[in-house]
Amino acid sequence: MNLKVSYAFLMSTIICSCTNYQAESFSSNSIDVYTAESNIASQIGVASFSANNPEQNSIFCRGVSKSVYLPNKTTFVKYIEEALTETLINAKRYAKDSKNQLRGKIELVDFNTTAGRWHIKGIFNINNSLPVTIDGKYDFPSAWDNDAACQNAASALNQAVSRFIHDVVINPELSKAIQDAA
């Protein structure tokens, strides 16, 4: 019996001798705010985003029994929606009850620590305009060490989402749809 308990303790220590990695809370930066001010002609709202995997709040990292989580285990779709809303608010381009609503469906959020790359893909439209796919790949430093690679992925999420939002707000088809709807 004592041997079984010791073996179980040893295995649980080996398998889960870790903590998960947590990404930082999103904070819009001045470049994204300026970009939104410059590329979005009028105030818009942000409708609740949908997702292929709406409950996803972590991504398993490198087979080391660790995952990358968002703050408060927020879902990726909610994190991206709130980040975009924050950027629009700071750019003074957000109006919750605007007749022009940005809709989004997040199709993919994933990373590859070997390549050092976040991959975020979503489909967006304003009101009933034609949908526009934003498919972004955002690099971050890789590492041979599992802990370092996973921590790098967690640390890079904020920047990857910032760059994804940048790609959304500079998209000429979405900008035109906003202008046409105004």
# chains A, B, ... in the order shown; residues from 1 in each chain; ligands from 1

$ residues_around --residues "Tyr69 of chain A" --least-positions-apart "4" --cutoff "7 Å" --atoms "only C-alpha atoms" --output "ChimeraX atom specification"
/A:21-23,57-59,73

$ write_last_selection --atoms "C-alpha atoms" --output "PDB file, in the first residue's frame"
ATOM      1  CA  TYR A  21       1.044  29.918 -18.099  1.00  0.00           C
ATOM      2  CA  GLN A  22      -1.193  32.954 -17.988  1.00  0.00           C
ATOM      3  CA  ALA A  23      -1.338  35.598 -20.666  1.00  0.00           C
ATOM      4  CA  ASN A  57     -10.016  29.307 -22.656  1.00  0.00           C
ATOM      5  CA  SER A  58      -6.663  27.551 -22.873  1.00  0.00           C
ATOM      6  CA  ILE A  59      -4.288  25.885 -25.296  1.00  0.00           C
ATOM      7  CA  LYS A  73      -9.759  31.885 -17.668  1.00  0.00           C
TER       8      LYS A  73
END

$ select_by_dssp --residues "chain A" --states "strand (DSSP E)" --output "PDB file with C-alpha atoms, in the first residue's frame"
ATOM      1  CA  TYR A  21       1.044  29.918 -18.099  1.00  0.00           C
ATOM      2  CA  GLN A  22      -1.193  32.954 -17.988  1.00  0.00           C
ATOM      3  CA  GLY A  45     -20.808  48.961 -32.046  1.00  0.00           C
ATOM      4  CA  VAL A  46     -19.418  45.506 -31.471  1.00  0.00           C
ATOM      5  CA  SER A  50     -19.206  33.824 -31.981  1.00  0.00           C
ATOM      6  CA  ALA A  51     -16.538  31.167 -32.350  1.00  0.00           C
ATOM      7  CA  SER A  58      -6.663  27.551 -22.873  1.00  0.00           C
ATOM      8  CA  ILE A  59      -4.288  25.885 -25.296  1.00  0.00           C
ATOM      9  CA  PHE A  60      -2.213  22.866 -24.337  1.00  0.00           C
ATOM     10  CA  CYS A  61       1.486  23.593 -24.632  1.00  0.00           C
ATOM     11  CA  LYS A  66       0.701  22.771 -19.025  1.00  0.00           C
ATOM     12  CA  SER A  67      -1.621  25.141 -20.805  1.00  0.00           C
ATOM     13  CA  VAL A  68      -1.653  28.790 -21.740  1.00  0.00           C
ATOM     14  CA  TYR A  69      -4.666  30.482 -20.135  1.00  0.00           C
ATOM     15  CA  GLN A 101     -22.487  46.764 -35.649  1.00  0.00           C
ATOM     16  CA  LEU A 102     -19.239  44.908 -36.233  1.00  0.00           C
ATOM     17  CA  ARG A 103     -19.902  41.181 -36.117  1.00  0.00           C
ATOM     18  CA  GLY A 104     -17.196  38.615 -35.790  1.00  0.00           C
ATOM     19  CA  LYS A 105     -16.713  34.895 -35.708  1.00  0.00           C
ATOM     20  CA  ILE A 106     -13.388  33.675 -34.379  1.00  0.00           C
ATOM     21  CA  GLU A 107     -12.550  30.559 -36.345  1.00  0.00           C
ATOM     22  CA  LEU A 108      -9.133  29.747 -34.911  1.00  0.00           C
ATOM     23  CA  VAL A 109      -6.832  30.723 -32.066  1.00  0.00           C
ATOM     24  CA  ASP A 110      -3.728  28.580 -31.744  1.00  0.00           C
ATOM     25  CA  PHE A 111       0.019  28.769 -31.415  1.00  0.00           C
ATOM     26  CA  ASN A 112       3.069  26.777 -32.394  1.00  0.00           C
ATOM     27  CA  ARG A 117       3.855  31.807 -34.001  1.00  0.00           C
ATOM     28  CA  TRP A 118       0.317  32.673 -32.913  1.00  0.00           C
ATOM     29  CA  HIS A 119      -2.380  32.010 -35.512  1.00  0.00           C
ATOM     30  CA  ILE A 120      -5.665  33.908 -35.190  1.00  0.00           C
ATOM     31  CA  LYS A 121      -8.381  33.748 -37.827  1.00  0.00           C
ATOM     32  CA  GLY A 122     -11.781  35.413 -37.867  1.00  0.00           C
ATOM     33  CA  ILE A 123     -14.587  36.464 -40.180  1.00  0.00           C
ATOM     34  CA  PHE A 124     -15.993  39.983 -39.798  1.00  0.00           C
ATOM     35  CA  ASN A 125     -18.664  42.167 -41.315  1.00  0.00           C
ATOM     36  CA  ILE A 126     -20.559  45.377 -40.654  1.00  0.00           C
ATOM     37  CA  VAL A 132     -14.133  39.553 -44.649  1.00  0.00           C
ATOM     38  CA  THR A 133     -11.662  36.934 -43.427  1.00  0.00           C
ATOM     39  CA  ILE A 134      -8.718  38.121 -41.373  1.00  0.00           C
ATOM     40  CA  ASP A 135      -6.124  35.356 -41.114  1.00  0.00           C
ATOM     41  CA  GLY A 136      -3.118  36.489 -39.138  1.00  0.00           C
ATOM     42  CA  LYS A 137       0.076  34.773 -38.107  1.00  0.00           C
ATOM     43  CA  TYR A 138       2.104  36.615 -35.489  1.00  0.00           C
ATOM     44  CA  ASP A 139       5.647  35.621 -34.588  1.00  0.00           C
TER      45      ASP A 139
END

$ atom_distance --atom1 "atom CA of Phe140 of chain A" --atom2 "atom CA of Ser48 of chain A"
28.7 Å

$ atom_distance --atom1 "atom CA of Arg163 of chain A" --atom2 "atom CA of Leu84 of chain A"
10.8 Å

$ closest_residue --among "A:Ala91, A:Ile178, A:Val161, A:Ala149" --to "Ile31 of chain A" --atoms "only C-alpha atoms"
A:Ala91

$ atom_distance --atom1 "atom CA of Asn128 of chain A" --atom2 "atom CA of Phe49 of chain A"
14.7 Å

$ closest_residue --among "A:Ser129, A:Asn20, A:Asn52, A:Thr35" --to "Asn100 of chain A" --atoms "only C-alpha atoms"
A:Ser129

$ select_by_dssp --residues "chain A" --states "alpha helix (DSSP H)" --output "PyMOL selection string"
chain A and resi 2-15+30-39+76-90+146-169+172-181

$ closest_residue --among "A:Pro54, A:Phe164, A:Lys92, A:Ile44" --to "Phe76 of chain A" --atoms "only C-alpha atoms"
A:Pro54

$ decode --residues "segment 109-176 of chain A" --atoms "C-alpha atoms" --output "PDB file, in the first residue's frame"
ATOM      1  CA  VAL A 109      -6.832  30.723 -32.066  1.00  0.00           C
ATOM      2  CA  ASP A 110      -3.728  28.580 -31.744  1.00  0.00           C
ATOM      3  CA  PHE A 111       0.019  28.769 -31.415  1.00  0.00           C
ATOM      4  CA  ASN A 112       3.069  26.777 -32.394  1.00  0.00           C
ATOM      5  CA  THR A 113       5.938  27.095 -29.931  1.00  0.00           C
ATOM      6  CA  THR A 114       8.413  25.393 -32.273  1.00  0.00           C
ATOM      7  CA  ALA A 115       7.830  27.968 -35.002  1.00  0.00           C
ATOM      8  CA  GLY A 116       7.144  30.715 -32.458  1.00  0.00           C
ATOM      9  CA  ARG A 117       3.855  31.807 -34.001  1.00  0.00           C
ATOM     10  CA  TRP A 118       0.317  32.673 -32.913  1.00  0.00           C
ATOM     11  CA  HIS A 119      -2.380  32.010 -35.512  1.00  0.00           C
ATOM     12  CA  ILE A 120      -5.665  33.908 -35.190  1.00  0.00           C
ATOM     13  CA  LYS A 121      -8.381  33.748 -37.827  1.00  0.00           C
ATOM     14  CA  GLY A 122     -11.781  35.413 -37.867  1.00  0.00           C
ATOM     15  CA  ILE A 123     -14.587  36.464 -40.180  1.00  0.00           C
ATOM     16  CA  PHE A 124     -15.993  39.983 -39.798  1.00  0.00           C
ATOM     17  CA  ASN A 125     -18.664  42.167 -41.315  1.00  0.00           C
ATOM     18  CA  ILE A 126     -20.559  45.377 -40.654  1.00  0.00           C
ATOM     19  CA  ASN A 127     -24.324  44.879 -40.504  1.00  0.00           C
ATOM     20  CA  ASN A 128     -25.027  42.700 -43.549  1.00  0.00           C
ATOM     21  CA  SER A 129     -21.942  43.537 -45.618  1.00  0.00           C
ATOM     22  CA  LEU A 130     -19.978  40.780 -47.275  1.00  0.00           C
ATOM     23  CA  PRO A 131     -17.869  38.913 -44.713  1.00  0.00           C
ATOM     24  CA  VAL A 132     -14.133  39.553 -44.649  1.00  0.00           C
ATOM     25  CA  THR A 133     -11.662  36.934 -43.427  1.00  0.00           C
ATOM     26  CA  ILE A 134      -8.718  38.121 -41.373  1.00  0.00           C
ATOM     27  CA  ASP A 135      -6.124  35.356 -41.114  1.00  0.00           C
ATOM     28  CA  GLY A 136      -3.118  36.489 -39.138  1.00  0.00           C
ATOM     29  CA  LYS A 137       0.076  34.773 -38.107  1.00  0.00           C
ATOM     30  CA  TYR A 138       2.104  36.615 -35.489  1.00  0.00           C
ATOM     31  CA  ASP A 139       5.647  35.621 -34.588  1.00  0.00           C
ATOM     32  CA  PHE A 140       7.178  35.430 -31.131  1.00  0.00           C
ATOM     33  CA  PRO A 141      10.529  34.090 -29.884  1.00  0.00           C
ATOM     34  CA  SER A 142      10.727  30.316 -29.727  1.00  0.00           C
ATOM     35  CA  ALA A 143      12.896  28.328 -27.356  1.00  0.00           C
ATOM     36  CA  TRP A 144      14.179  24.779 -26.995  1.00  0.00           C
ATOM     37  CA  ASP A 145      13.226  24.671 -23.333  1.00  0.00           C
ATOM     38  CA  ASN A 146       9.544  23.762 -22.849  1.00  0.00           C
ATOM     39  CA  ASP A 147       8.977  26.203 -19.998  1.00  0.00           C
ATOM     40  CA  ALA A 148      10.588  29.094 -21.849  1.00  0.00           C
ATOM     41  CA  ALA A 149       8.701  28.325 -25.080  1.00  0.00           C
ATOM     42  CA  CYS A 150       5.332  28.122 -23.320  1.00  0.00           C
ATOM     43  CA  GLN A 151       6.010  31.286 -21.329  1.00  0.00           C
ATOM     44  CA  ASN A 152       6.972  33.051 -24.559  1.00  0.00           C
ATOM     45  CA  ALA A 153       3.652  32.005 -26.104  1.00  0.00           C
ATOM     46  CA  ALA A 154       1.703  33.318 -23.105  1.00  0.00           C
ATOM     47  CA  SER A 155       3.673  36.562 -23.058  1.00  0.00           C
ATOM     48  CA  ALA A 156       3.137  37.117 -26.789  1.00  0.00           C
ATOM     49  CA  LEU A 157      -0.661  36.731 -26.851  1.00  0.00           C
ATOM     50  CA  ASN A 158      -1.374  40.369 -25.997  1.00  0.00           C
ATOM     51  CA  GLN A 159       0.813  41.528 -28.900  1.00  0.00           C
ATOM     52  CA  ALA A 160      -0.679  38.933 -31.262  1.00  0.00           C
ATOM     53  CA  VAL A 161      -4.225  40.083 -30.444  1.00  0.00           C
ATOM     54  CA  SER A 162      -3.131  43.712 -30.829  1.00  0.00           C
ATOM     55  CA  ARG A 163      -1.752  42.947 -34.290  1.00  0.00           C
ATOM     56  CA  PHE A 164      -4.910  40.996 -35.180  1.00  0.00           C
ATOM     57  CA  ILE A 165      -7.061  43.994 -34.187  1.00  0.00           C
ATOM     58  CA  HIS A 166      -4.775  46.201 -36.270  1.00  0.00           C
ATOM     59  CA  ASP A 167      -5.401  43.895 -39.250  1.00  0.00           C
ATOM     60  CA  VAL A 168      -9.157  44.146 -38.663  1.00  0.00           C
ATOM     61  CA  VAL A 169      -9.292  47.948 -38.448  1.00  0.00           C
ATOM     62  CA  ILE A 170      -7.040  48.549 -41.467  1.00  0.00           C
ATOM     63  CA  ASN A 171      -8.929  46.139 -43.697  1.00  0.00           C
ATOM     64  CA  PRO A 172     -10.130  48.241 -46.662  1.00  0.00           C
ATOM     65  CA  GLU A 173     -13.289  46.170 -47.229  1.00  0.00           C
ATOM     66  CA  LEU A 174     -14.420  46.664 -43.623  1.00  0.00           C
ATOM     67  CA  SER A 175     -13.555  50.375 -43.771  1.00  0.00           C
ATOM     68  CA  LYS A 176     -15.647  50.718 -46.936  1.00  0.00           C
TER      69      LYS A 176
END
